[in-house]
Amino acid sequence: MSILGYFEDHWAMLVLLIGMEIVLFSDVHLEKKMIRRISIANIMMFLYSVTCYTETYLGNQTEYTVLRPILSAFNYSLITFILVTIVISLFPEQKLYLFFPAIMNCALCFISVPTRIVFRISQDNHFVRGTLGYLPYFINALYLLYFIYSIFRNSKAHKEDLRLIIFISLTSVTCLVLPLFASDSTSHWFNMTIAVNVMLYYVFLLQKFTKHDSLTKLLNRQSYYSDAEKHAEHITALVAADMNGLKEINDKEGHKAGDTALQTLADCFWKASRRGQRVYRIGGDEFIILCIDASEDEVISLVERIRQEVNKTSYTVSIGYALKTEGNSVEKLYRIADNMLYEDKRQFYERTGKDRCKRRS
C-alpha cells in the first residue's frame, strides 16, 4: 500500500472531484445550500476512496487485523450517506428524515464489528456476510431508486433529456448491483460511477438553465429558435398564446403579482400539453407551443385544454393557432397564429369593456 498506488487507482476520480469543486464555486445558477451539500458528497466520496483502498489492501493480507472490520463498517455506512446526501443536494425540497435509514444502517454496521450481525472477518482474513449481510445493499438500492424517481419526477424531460436520465439511472444501479455478482475489485466502481453521474446531472441542470426560462421553467426563446429549425419538417402546427391584462396587474399589484400570474399560466400550458407539444415562453407574456406530428384534432383539443386549465385560474389568455400546409414555414405559421391571437384579444377587450393599454396586454 502506498500513496502512489492510491493515485494510480483513483487519479481519474480525483481529477473529476477537484474539477467539480472548481466549477461549483464559480457557479451563479445553483443555490449556495445545494453547492455546499454537493461539496460534502464529494468529500465523502474522497474519504470512501481512501478507506476502500486501505480496506482492499488489508483484505489482500494473510493475517487478520481489527482495523479491517472497522473500515468495512465505515465503507458500508459511507456509501449510504453519499447516496442520501446526493438526493438531498440535487432535490433540496426533500426532508432530512431521509437520513434515518442511513443512520440506522451506520449503527448496524458498527454494531456488527463485535456482534457480526451484518458481516464478519474470519481468522484467515476472509469477508463473510452475517444474518443481515444484504441489508446495506437493500438500503442503498432504496436510495438509488428514490434518486431515479426524483430525477424523473422533477425533470419534465423531453425525449433527448430522457436519454441522459436513463443512462444515469442504469449506470447507478449497475455500480451498486455488480459487486454482488463480480469480484471485490469492482467495489471501487461505485465511487467513480456516482462521481461521474453527479457531474453529468450537474451538467444536465446547467443545460436546463440555458434552455429554460428562469421564471416559468418553460423552454425559452433560444430553444424555440433551435427547435423550430431542428424539427422544421415535423412541425405540423403552432399555437400562440398571450396573457390578457398583465400590465394592469403589474401596475396595480406589483411585478411580483405579475410574475405569479405568468408562472400560473405557464403551469396551465404545461398541464395542457401532450407528447410532441413543446411549450415556450418567448417574451414577457407571450407563449408558443410547437406541435410535432400532430393532427388538426389534436391541436384543437390542445387549445380546448388550455382554455379549460386557464378557466380554473383568475387570469385570461388570448390564443391563436395555425396548421401547416405545403410550403408553409414555421415563421409563416407564427404570423398566421399571431393574427388569430390578435383577433381573439380584440374580441376579449370588446366583450369585457376593459381598457387596452397596449397590443400585448
# chains A, B, ... in the order shown; residues from 1 in each chain; ligands from 1
$ select_by_dssp --residues "stretch 231-338 of chain A" --states "helix (DSSP H, G or I)" --output "number ranges by chain"
A: 246-253, 255-272, 296-311, 330-338
$ write_last_selection --atoms "C-alpha atoms" --output "mmCIF file, in the first residue's frame"
data_model
loop_
_atom_site.group_PDB
_atom_site.id
_atom_site.type_symbol
_atom_site.label_atom_id
_atom_site.label_comp_id
_atom_site.auth_asym_id
_atom_site.auth_seq_id
_atom_site.Cartn_x
_atom_site.Cartn_y
_atom_site.Cartn_z
ATOM 1 C CA LEU A 246 -50.521 41.698 -17.450
ATOM 2 C CA LYS A 247 -49.698 45.430 -17.472
ATOM 3 C CA GLU A 248 -52.744 46.162 -15.323
ATOM 4 C CA ILE A 249 -51.639 43.535 -12.782
ATOM 5 C CA ASN A 250 -48.098 44.914 -12.732
ATOM 6 C CA ASP A 251 -49.343 48.497 -12.276
ATOM 7 C CA LYS A 252 -51.928 47.769 -9.575
ATOM 8 C CA GLU A 253 -50.470 44.800 -7.680
ATOM 9 C CA HIS A 255 -44.397 42.920 -10.609
ATOM 10 C CA LYS A 256 -44.320 40.055 -8.118
ATOM 11 C CA ALA A 257 -48.042 39.523 -8.729
ATOM 12 C CA GLY A 258 -47.332 39.684 -12.461
ATOM 13 C CA ASP A 259 -44.646 37.021 -12.105
ATOM 14 C CA THR A 260 -47.094 34.817 -10.184
ATOM 15 C CA ALA A 261 -49.616 35.226 -12.986
ATOM 16 C CA LEU A 262 -47.075 34.179 -15.627
ATOM 17 C CA GLN A 263 -45.998 31.170 -13.563
ATOM 18 C CA THR A 264 -49.617 30.107 -13.111
ATOM 19 C CA LEU A 265 -50.350 30.353 -16.824
ATOM 20 C CA ALA A 266 -47.142 28.516 -17.695
ATOM 21 C CA ASP A 267 -48.299 25.669 -15.462
ATOM 22 C CA CYS A 268 -51.625 25.666 -17.322
ATOM 23 C CA PHE A 269 -49.871 25.374 -20.680
ATOM 24 C CA TRP A 270 -47.658 22.587 -19.376
ATOM 25 C CA LYS A 271 -50.611 20.604 -17.984
ATOM 26 C CA ALA A 272 -52.499 21.009 -21.253
ATOM 27 C CA GLU A 296 -55.737 19.065 -36.589
ATOM 28 C CA ASP A 297 -57.964 17.361 -33.994
ATOM 29 C CA GLU A 298 -55.040 17.119 -31.570
ATOM 30 C CA VAL A 299 -54.271 20.821 -31.998
ATOM 31 C CA ILE A 300 -57.903 21.821 -31.428
ATOM 32 C CA SER A 301 -58.000 19.571 -28.342
ATOM 33 C CA LEU A 302 -54.833 21.261 -27.087
ATOM 34 C CA VAL A 303 -56.404 24.702 -27.409
ATOM 35 C CA GLU A 304 -59.521 23.474 -25.583
ATOM 36 C CA ARG A 305 -57.415 22.015 -22.758
ATOM 37 C CA ILE A 306 -55.516 25.307 -22.421
ATOM 38 C CA ARG A 307 -58.761 27.247 -22.089
ATOM 39 C CA GLN A 308 -60.083 24.740 -19.539
ATOM 40 C CA GLU A 309 -56.928 24.967 -17.425
ATOM 41 C CA VAL A 310 -56.811 28.769 -17.604
ATOM 42 C CA ASN A 311 -60.506 28.994 -16.675
ATOM 43 C CA VAL A 330 -42.559 27.976 -39.134
ATOM 44 C CA GLU A 331 -42.242 31.750 -39.486
ATOM 45 C CA LYS A 332 -45.413 31.877 -41.572
ATOM 46 C CA LEU A 333 -47.211 29.622 -39.102
ATOM 47 C CA TYR A 334 -46.300 32.081 -36.364
ATOM 48 C CA ARG A 335 -47.649 35.055 -38.350
ATOM 49 C CA ILE A 336 -50.944 33.255 -39.028
ATOM 50 C CA ALA A 337 -51.316 32.169 -35.386
ATOM 51 C CA ASP A 338 -50.379 35.657 -34.194
#
$ closest_residue --among "A:Leu17, A:Leu215, A:Ala240, A:Ile70" --to "A:Pro114" --atoms "only C-alpha atoms"
A:Ile70
$ residues_around --residues "stretch 83-99 of chain A" --least-positions-apart "3" --cutoff "7 Å" --atoms "only C-alpha atoms" --output "list in words"
Met34, Arg37, Ile38, Ala41, Ile79, Thr80, Ala102, Ile103, Tyr143 and Phe147 of chain A
$ closest_residue --among "A:Pro69, A:Gly254, A:Gly283, A:Gly327" --to "A:Ser122" --atoms "only C-alpha atoms"
A:Pro69
